[in-house]
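Asker: Please find one structure pasted underneath; my questions will follow.
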Amino acid sequence: MAKQRVLVTGGAGYIGSHTCKLLATEGYDPIVVDNLSTGNKWAVKWGPLEICDIRDNDALSLVMAKYKPVAIAHFASCCYVGESVENPEKYYNNNVSGMLSLLKTMNRNRVRKIIFSSSCSTYGNPQYTPIDEGHPQTPINPYGFTKYICERILSDYHRTQDIEFIALRYFNAAGADPEAEIGELHEPEPHLVPRILDAALGKADHFLIHGTDYDTDDGTCVRDYVHVLDIAKAHLKAIEHIFKFNSAEFINLGNGSGFSVKEVVNKVLEITGCKIKVIEGDRRDGDPAILISDSQRASEILDWSPDYPDLTSIIGHAWQWHRSKKSDS
C-alpha cells in the first residue's frame, strides 16, 4: 500500500524539518516545498525536495499534481518579530500572499486539508495568563498580524470553499532532534536559545538581553518554551484528527509554564559549564512581557501532551545539536 503523502511547505526550515522526520517515522511520505530563502537543503532527509515559492501558483500546482498530497502542513513564512517591525511589507507579501496562493492552488488540485503554523503572537499583550484560545487577539507587531489574518482567511475558506484546517498557535519553539540529525540554524540567528548557545560556544562574543525593565520578577521577558519535537508531534496528531473529523480548529501549543530570559541563561550556564558574557540592552519593539500558554484544548482535541516539558531537556538537546553538528553545516 502506497504511503500517504503530506506536502510540507517550508519543510527545509527548523520546525518543518523536524515534522518531516516524525511523519516519515510514522509511515507518511513528506514532500518538501521550499524556496530555500531561509531553509537549509541539508535538513531535507526524509522525502523529496521541490524548490518552489508557494506564491508561484503554476509551479506549486505542478508539484501538487505530481504528488497528489492528502494534506498540507504549512510552515512557509517569515517569522521574526523584530524584522517584521522594520520591514512589514515583506511579511504581508510573504505570509498573507503566500497563504492565499497556497489555498488557491489547493482548490485547483482538490486538496482540502491543511495544518497551519500559527503563533501565540496573535494574542498580543496578554490580558491574563495562562492564555487560552478564547483570549482576545490583538497583535502588536506585523508578524502577529499576518498570522492573525491567515487564521481569518482559513475560517472564510472553511465556510465558503470546504477547506478543513487546524491552526496550531505555537508559543516559543526551542530544542532540537535528540539524535542531533537536525536542529535550529538561521543566518542571522534571532532566537533566544541558539543565541545563548552561540555565546557559550564562542561563536558570538556576548549574549544581549533585550530589555531588563519588564514587569516580571527579574525584569526580563517570560516565555513558554515548547520542544520542537512536541510541536512536530502535534502536527502528526492534527493530521490524524483532520482525517477523521470535519475540522476548523485553533489550538495552542505550549507547556503552561514560563521562564524568564535570565532563567534560560542560567540553565544554559548549568548545562554547558561555559562562561558567557551577558550584556543588558534596551527593549525590542513588539515584545510582550509575558506569554504563557493554556494548552488544554490540545489535550482534549488532539490527545496531545508534551514529551519534553522541562527546560533541561529542551536546552540539553539544543546544546547537543550545536556542539555536534552546527560547526559542520
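Residues in the C-alpha cells are numbered from 1 in each chain, the chains being A, B, ... in the order shown, and ligands are numbered from 1 in the order shown.
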Find the residues around Asp224 of chain A up to 6 Å (only C-alpha atoms counted), leave out those fewer than 5 positions away in its own chain, and share them as a list in words.
Answerer: Phe171, Asn172, Ser257, Gly258 and Ile292 of chain A
Asker: Could you give me, as a list in words, the residues within 12 Å of Arg152 of chain A, counting only C-alpha atoms and dropping anything in the same chain fewer than 5 positions from it?
Answerer: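 The filter keeps Val96, Met99, Leu100, Phe116, Ser118, Thr122, Gln137, Phe145, Thr146, Lys147, Tyr157, His158, Arg159, Phe165, Ala167, Ala248, Glu249 and Phe250 of chain A.
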Asker: Which residue gives the smallest distance to Glu179 of chain A among A:Ser84, A:Phe207, A:Leu229, A:Asn93, with only C-alpha atoms counted?
Answerer: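 Of A:Ser84, A:Phe207, A:Leu229, A:Asn93, the one nearest Glu179 of chain A, counting only C-alpha atoms, is A:Leu229.
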Asker: Give the strand (DSSP E or B) residues of segment 74-283 of chain A, as DSSP finds them on the backbone, and put them as a PyMOL selection string.
Answerer: chain A and resi 74+113-119+131+164-170+172-174+207-210+222-223+225-227+248-253+259-260+278-281
Asker: Calculate how many Å separate atom CA of Asn255 of chain A from atom CA of Lys21 of chain A, rounding to one decimal.
Answerer: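 Atom-to-atom, atom CA of Asn255 of chain A to atom CA of Lys21 of chain A, that is 22.1 Å.
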Asker: For Ala59 of chain A, which residue among A:Ala174, A:Leu185, A:Val111, A:Leu102 is the nearest when counting only C-alpha atoms?
Answerer: A:Leu102
Asker: Could you go through segment 109-281 of chain A and tell me which residues DSSP, when run on the backbone, assigns to alpha helix (DSSP H), listing them as number ranges by chain?
Answerer: A: 142-161, 192-201, 228-244, 261-272
Asker: So which one's closest to Tyr91 of chain A, A:Pro194, A:Gly144, A:Pro48, A:Gly39? Using only C-alpha atoms, please.
Answerer: A:Gly144
Asker: May I have the residues within 8 Å of Val278 of chain A as a list of chain:residue names, using only C-alpha atoms and disregarding those fewer than 5 positions away in the same chain?
Answerer: A:His206, A:Phe207, A:Leu208, A:Ile209
Asker: Write out as a PyMOL selection string each polymer residue whose atoms come within 12 Å of Pro136 of chain A, counting only C-alpha atoms; drop sequence neighbours fewer than 5 positions from it.
Answerer: chain A and resi 120-128+131+148
